[in-house]
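The structure appears right after this line, and notes come after that.
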Amino acid sequence: MKKIILAVISAFFLIASVNAETFDSVCKNLAKHPNMTGNFSQVKTISAVNRSMKSSGTFIFSLDGIMWKTEKPFPSTMVVGMTSVKQTLANGKETVIDASSNQIFTSISTTLSAMFSGNAAVLQDNFDVDFSFSGSDWKAVLSPKDNMVKKILLSLSIGGKATENSADLNSIVMAEATGDTITYNFTNQKYPKELTADEKSYFSSK
């Protein structure tokens, strides 16, 4: 019986170690592609009124930040950088706010920046990471350690496909402290080595 117990304990720690290494390898494989573009669909569920709102468009993830270009139901562009969040409406009107006042989007920006730079240690410093891997599917549930962030954001669930030498990011689910959720699904992902001049312009200061 003692040998069986020791074997179970050893297996538990072995699995935990493999999961930690796999999470690190997913980040390292994502870091092979510092730029990611494609299409997104978003579903925001508002718990207080039991209502869901859907939108879709194109996106850019880069080490400079994130660009969401919504095409439906209404055109708009949101650029989330490390210091500011800029929204541009279809009529050209721009609104720029300090990033610190939009903790949810900046958490996504800094999280994805860390993942696409292969810096799993930064994520583990700021989040409790619950990582799982099944077949080729990986999922990381990131729960913020900072109490101020917890008042706004309960968790980020990030998932995709992975092999030994590659990893894709296919979804993000944000669970807010209000009970609302925002789900992003990504399709037609591309990993250009360099962004085009037009794509880079979203992140340039004017």
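Ligands are numbered from 1 in the order shown, residues from 1 within each chain, and chains are lettered A, B, ... in the order they appear in the structure tokens.
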**Study point:** Nearby residues (only C-alpha atoms) at most 6 Å from Thr45 (chain A), same-chain spacing under 6 positions excluded, as a VMD selection string
**Key:** chain A and resid 51 to 52 180 to 181
For those residues, write C-alpha atoms to a file as a tab-separated table (two decimals), in the first residue's frame.
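Listing of result-v7.tsv after writing:
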chain	number	residue	atom	x	y	z
A	51	ARG	CA	-28.62	39.14	-22.95
A	52	SER	CA	-25.87	38.44	-25.45
A	180	ASP	CA	-20.49	39.17	-17.49
A	181	THR	CA	-18.33	37.24	-19.95
Exercise for review: Name the residues of region 18-79 of chain A that come out as helix (DSSP H, G or I) in a backbone DSSP run; write them as a list in words.
Suggested key: Val18, Asn19, Ala20, Glu21, Thr22, Phe23, Asp24, Ser25, Val26, Cys27, Lys28, Asn29 and Leu30 of chain A
Output the selection as a compact mmCIF listing (two decimals), in the first residue's frame - all heavy atoms for each residue.
# COMPACT_ATOMS: atom_id res chain seq x y z
N VAL A 18 5.08 18.16 -15.99
CA VAL A 18 4.90 18.13 -17.43
C VAL A 18 4.00 19.26 -17.88
O VAL A 18 4.25 19.94 -18.86
CB VAL A 18 4.32 16.76 -17.86
CG1 VAL A 18 3.88 16.81 -19.32
CG2 VAL A 18 5.35 15.66 -17.65
N ASN A 19 2.89 19.52 -17.12
CA ASN A 19 1.98 20.59 -17.47
C ASN A 19 2.68 21.93 -17.45
O ASN A 19 2.47 22.77 -18.31
CB ASN A 19 0.78 20.61 -16.52
CG ASN A 19 -0.27 19.57 -16.91
OD1 ASN A 19 -0.20 19.00 -17.99
ND2 ASN A 19 -1.23 19.34 -16.05
N ALA A 20 3.52 22.16 -16.42
CA ALA A 20 4.23 23.43 -16.33
C ALA A 20 5.17 23.58 -17.52
O ALA A 20 5.25 24.66 -18.12
CB ALA A 20 5.02 23.49 -15.02
N GLU A 21 5.85 22.52 -17.89
CA GLU A 21 6.77 22.57 -19.02
C GLU A 21 6.00 22.78 -20.33
O GLU A 21 6.45 23.49 -21.22
CB GLU A 21 7.59 21.29 -19.09
CG GLU A 21 8.60 21.14 -17.96
CD GLU A 21 9.28 19.79 -17.99
OE1 GLU A 21 9.05 19.02 -18.93
OE2 GLU A 21 10.05 19.52 -17.06
N THR A 22 4.82 22.16 -20.43
CA THR A 22 4.02 22.30 -21.64
C THR A 22 3.50 23.71 -21.78
O THR A 22 3.49 24.27 -22.88
CB THR A 22 2.85 21.31 -21.63
OG1 THR A 22 3.35 19.99 -21.46
CG2 THR A 22 2.07 21.38 -22.93
N PHE A 23 3.08 24.33 -20.69
CA PHE A 23 2.64 25.72 -20.74
C PHE A 23 3.79 26.60 -21.20
O PHE A 23 3.62 27.49 -22.04
CB PHE A 23 2.14 26.16 -19.36
CG PHE A 23 1.75 27.62 -19.30
CD1 PHE A 23 0.69 28.09 -20.05
CD2 PHE A 23 2.45 28.51 -18.51
CE1 PHE A 23 0.33 29.42 -20.02
CE2 PHE A 23 2.10 29.83 -18.46
CZ PHE A 23 1.03 30.29 -19.21
N ASP A 24 4.96 26.35 -20.67
CA ASP A 24 6.14 27.11 -21.07
C ASP A 24 6.44 26.89 -22.55
O ASP A 24 6.77 27.83 -23.28
CB ASP A 24 7.34 26.68 -20.22
CG ASP A 24 8.57 27.53 -20.48
OD1 ASP A 24 8.54 28.72 -20.14
OD2 ASP A 24 9.55 27.00 -21.03
N SER A 25 6.30 25.66 -23.03
CA SER A 25 6.59 25.37 -24.43
C SER A 25 5.55 26.00 -25.35
O SER A 25 5.89 26.43 -26.46
CB SER A 25 6.66 23.86 -24.67
OG SER A 25 5.38 23.26 -24.53
N VAL A 26 4.28 26.08 -24.90
CA VAL A 26 3.26 26.76 -25.70
C VAL A 26 3.64 28.23 -25.88
O VAL A 26 3.57 28.78 -26.98
CB VAL A 26 1.87 26.64 -25.03
CG1 VAL A 26 0.88 27.64 -25.64
CG2 VAL A 26 1.32 25.23 -25.20
N CYS A 27 4.04 28.87 -24.79
CA CYS A 27 4.47 30.27 -24.87
C CYS A 27 5.68 30.42 -25.79
O CYS A 27 5.74 31.36 -26.59
CB CYS A 27 4.79 30.81 -23.48
SG CYS A 27 3.35 30.99 -22.40
N LYS A 28 6.63 29.50 -25.67
CA LYS A 28 7.82 29.59 -26.52
C LYS A 28 7.47 29.39 -27.99
O LYS A 28 8.04 30.05 -28.87
CB LYS A 28 8.85 28.54 -26.08
CG LYS A 28 9.54 28.88 -24.76
CD LYS A 28 10.55 27.82 -24.37
CE LYS A 28 11.26 28.20 -23.07
NZ LYS A 28 12.22 27.15 -22.63
N ASN A 29 6.52 28.49 -28.27
CA ASN A 29 6.12 28.27 -29.66
C ASN A 29 5.30 29.44 -30.21
O ASN A 29 5.42 29.79 -31.39
CB ASN A 29 5.34 26.97 -29.79
CG ASN A 29 6.24 25.74 -29.74
OD1 ASN A 29 7.38 25.78 -30.21
ND2 ASN A 29 5.74 24.65 -29.18
N LEU A 30 4.47 30.06 -29.36
CA LEU A 30 3.76 31.26 -29.79
C LEU A 30 4.74 32.39 -30.10
O LEU A 30 4.51 33.20 -30.99
CB LEU A 30 2.77 31.72 -28.72
CG LEU A 30 1.49 30.89 -28.55
CD1 LEU A 30 0.69 31.39 -27.35
CD2 LEU A 30 0.63 30.95 -29.81
Exercise for review: Please provide as a PyMOL selection string all residues within 6 Å of region 69-82 of chain A, with the sequence filter that same-chain residues fewer than 2 positions apart are discarded (counting only C-alpha atoms).
Suggested key: chain A and resi 55-59+65-67+84-90
Point to revise | Best match for closeness to Phe131 (chain A) among A:Thr110, A:Asn188, A:Ser157, A:Asn119, counting only C-alpha atoms | key: A:Ser157
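Shortest separation to Pro192 (chain A) among A:Ser155, A:Thr111, A:Ser62, A:Ser41 occurs at residue A:Ser62, atoms counted being only C-alpha atoms.
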Point to revise | Shell of 7 Å around Asp128 (chain A), only C-alpha atoms, local chain residues under 5 positions omitted, as a list in words | key: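 Once the nearby chain positions are removed, what remains is Leu142, Ser143, Pro144 and Lys145 of chain A.
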Review point. Can you list, as a ChimeraX atom specification, every residue of region 77-204 of chain A that DSSP puts in strand (DSSP E)?
Key: /A:77-80,84-89,94-98,127-134,137-144,153-162,167-176,181-190
Revision key, fill the gap. As a check of understanding: the span from CA of Asp130 (chain A) to CA of Lys150 (chain A) is 16.3 Å
**Study point:** Long-range neighbours of Val49 (chain A) as a ChimeraX atom specification, 12 Å cut-off, only C-alpha atoms, 5 positions minimum in chain
**Key:** /A:44,178-180
Write the selection just made, keeping N, CA and C atoms, as a PDB file, in the first residue's frame?
ATOM      1  N   LYS A  44     -20.544  38.933 -26.132  1.00  0.00           N
ATOM      2  CA  LYS A  44     -20.536  39.499 -24.779  1.00  0.00           C
ATOM      3  C   LYS A  44     -21.868  39.158 -24.130  1.00  0.00           C
ATOM      4  N   THR A 178     -18.401  41.249 -12.525  1.00  0.00           N
ATOM      5  CA  THR A 178     -19.840  41.537 -12.568  1.00  0.00           C
ATOM      6  C   THR A 178     -20.666  40.307 -12.918  1.00  0.00           C
ATOM      7  N   GLY A 179     -20.003  39.250 -13.374  1.00  0.00           N
ATOM      8  CA  GLY A 179     -20.716  38.072 -13.845  1.00  0.00           C
ATOM      9  C   GLY A 179     -20.838  38.031 -15.356  1.00  0.00           C
ATOM     10  N   ASP A 180     -20.461  39.125 -16.026  1.00  0.00           N
ATOM     11  CA  ASP A 180     -20.488  39.169 -17.488  1.00  0.00           C
ATOM     12  C   ASP A 180     -19.301  38.392 -18.045  1.00  0.00           C
TER      13      ASP A 180
END
Point to revise | For Tyr191 (chain A): contacts at 10 Å, only C-alpha atoms, fewer than 6 positions along chain excluded, given as a PyMOL selection string | key: chain A and resi 30+32-38+60-62+168
Limited to N, CA and C atoms, could you put the picked residues into a file as a CSV table (one decimal), in the first residue's frame?
chain,number,residue,atom,x,y,z
A,30,LEU,N,4.5,30.1,-29.4
A,30,LEU,CA,3.8,31.3,-29.8
A,30,LEU,C,4.7,32.4,-30.1
A,32,LYS,N,7.4,32.2,-31.5
A,32,LYS,CA,8.0,32.1,-32.8
A,32,LYS,C,7.3,33.0,-33.8
A,33,HIS,N,6.1,33.4,-33.5
A,33,HIS,CA,5.3,34.3,-34.4
A,33,HIS,C,4.8,35.5,-33.6
A,34,PRO,N,5.7,36.6,-33.5
A,34,PRO,CA,5.4,37.7,-32.7
A,34,PRO,C,4.2,38.5,-33.3
A,35,ASN,N,3.7,38.3,-34.5
A,35,ASN,CA,2.6,38.9,-35.1
A,35,ASN,C,1.5,37.9,-35.5
A,36,MET,N,0.3,38.2,-35.1
A,36,MET,CA,-0.8,37.3,-35.5
A,36,MET,C,-2.0,38.2,-36.0
A,37,THR,N,-2.5,37.8,-37.2
A,37,THR,CA,-3.7,38.5,-37.7
A,37,THR,C,-4.8,37.5,-38.1
A,38,GLY,N,-6.0,38.0,-38.3
A,38,GLY,CA,-7.0,37.1,-38.7
A,38,GLY,C,-8.4,37.7,-38.4
A,60,ILE,N,-5.4,42.3,-35.0
A,60,ILE,CA,-3.9,42.2,-35.1
A,60,ILE,C,-3.4,42.1,-33.7
A,61,PHE,N,-2.6,41.0,-33.4
A,61,PHE,CA,-1.9,40.9,-32.2
A,61,PHE,C,-0.4,41.2,-32.5
A,62,SER,N,0.2,42.1,-31.8
A,62,SER,CA,1.7,42.3,-32.0
A,62,SER,C,2.3,42.6,-30.6
A,168,ASP,N,-1.0,27.4,-31.7
A,168,ASP,CA,-2.0,28.4,-32.2
A,168,ASP,C,-2.9,28.9,-31.1
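In this model, the gap between CA of Ser201 (chain A) and CA of Asn91 (chain A) comes to 18.5 Å.
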**Study point:** Computed interatomic separation between CA of Thr187 (chain A) and CA of Met174 (chain A) (Å)
**Key:**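 One can read the CA of Thr187 (chain A) to CA of Met174 (chain A) distance as 18.1 Å.
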Exercise for review: Write out as a PyMOL selection string the residues lying within 8 Å of Val173 (chain A), counting only C-alpha atoms and excluding same-chain residues fewer than 4 positions away.
Suggested key: chain A and resi 156-158+181-184
Review point. Looking at only C-alpha atoms, which of A:Ala114, A:Asn39, A:Val96, A:Ser136 is the one that sits closest to Lys190 (chain A)?
Key: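 Among the listed residues, the smallest separation from Lys190 (chain A) belongs to A:Asn39.
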Point to revise | Of the listed residues A:Ala177, A:Leu169, A:Ile46, A:Ala121, that which approaches Val149 (chain A) most closely, counting only C-alpha atoms | key: A:Ala177
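You can rank A:Leu153, A:Gln42, A:Thr163, A:Met148 by their closest distance to Lys54 (chain A) using only C-alpha atoms, and at the top of that list sits A:Gln42.
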Review point. Of the candidates A:Lys193, A:Lys161, A:Lys151, A:Lys93, which shows the shortest atom-to-atom distance to Ala31 (chain A), using only C-alpha atoms?
Key: A:Lys193
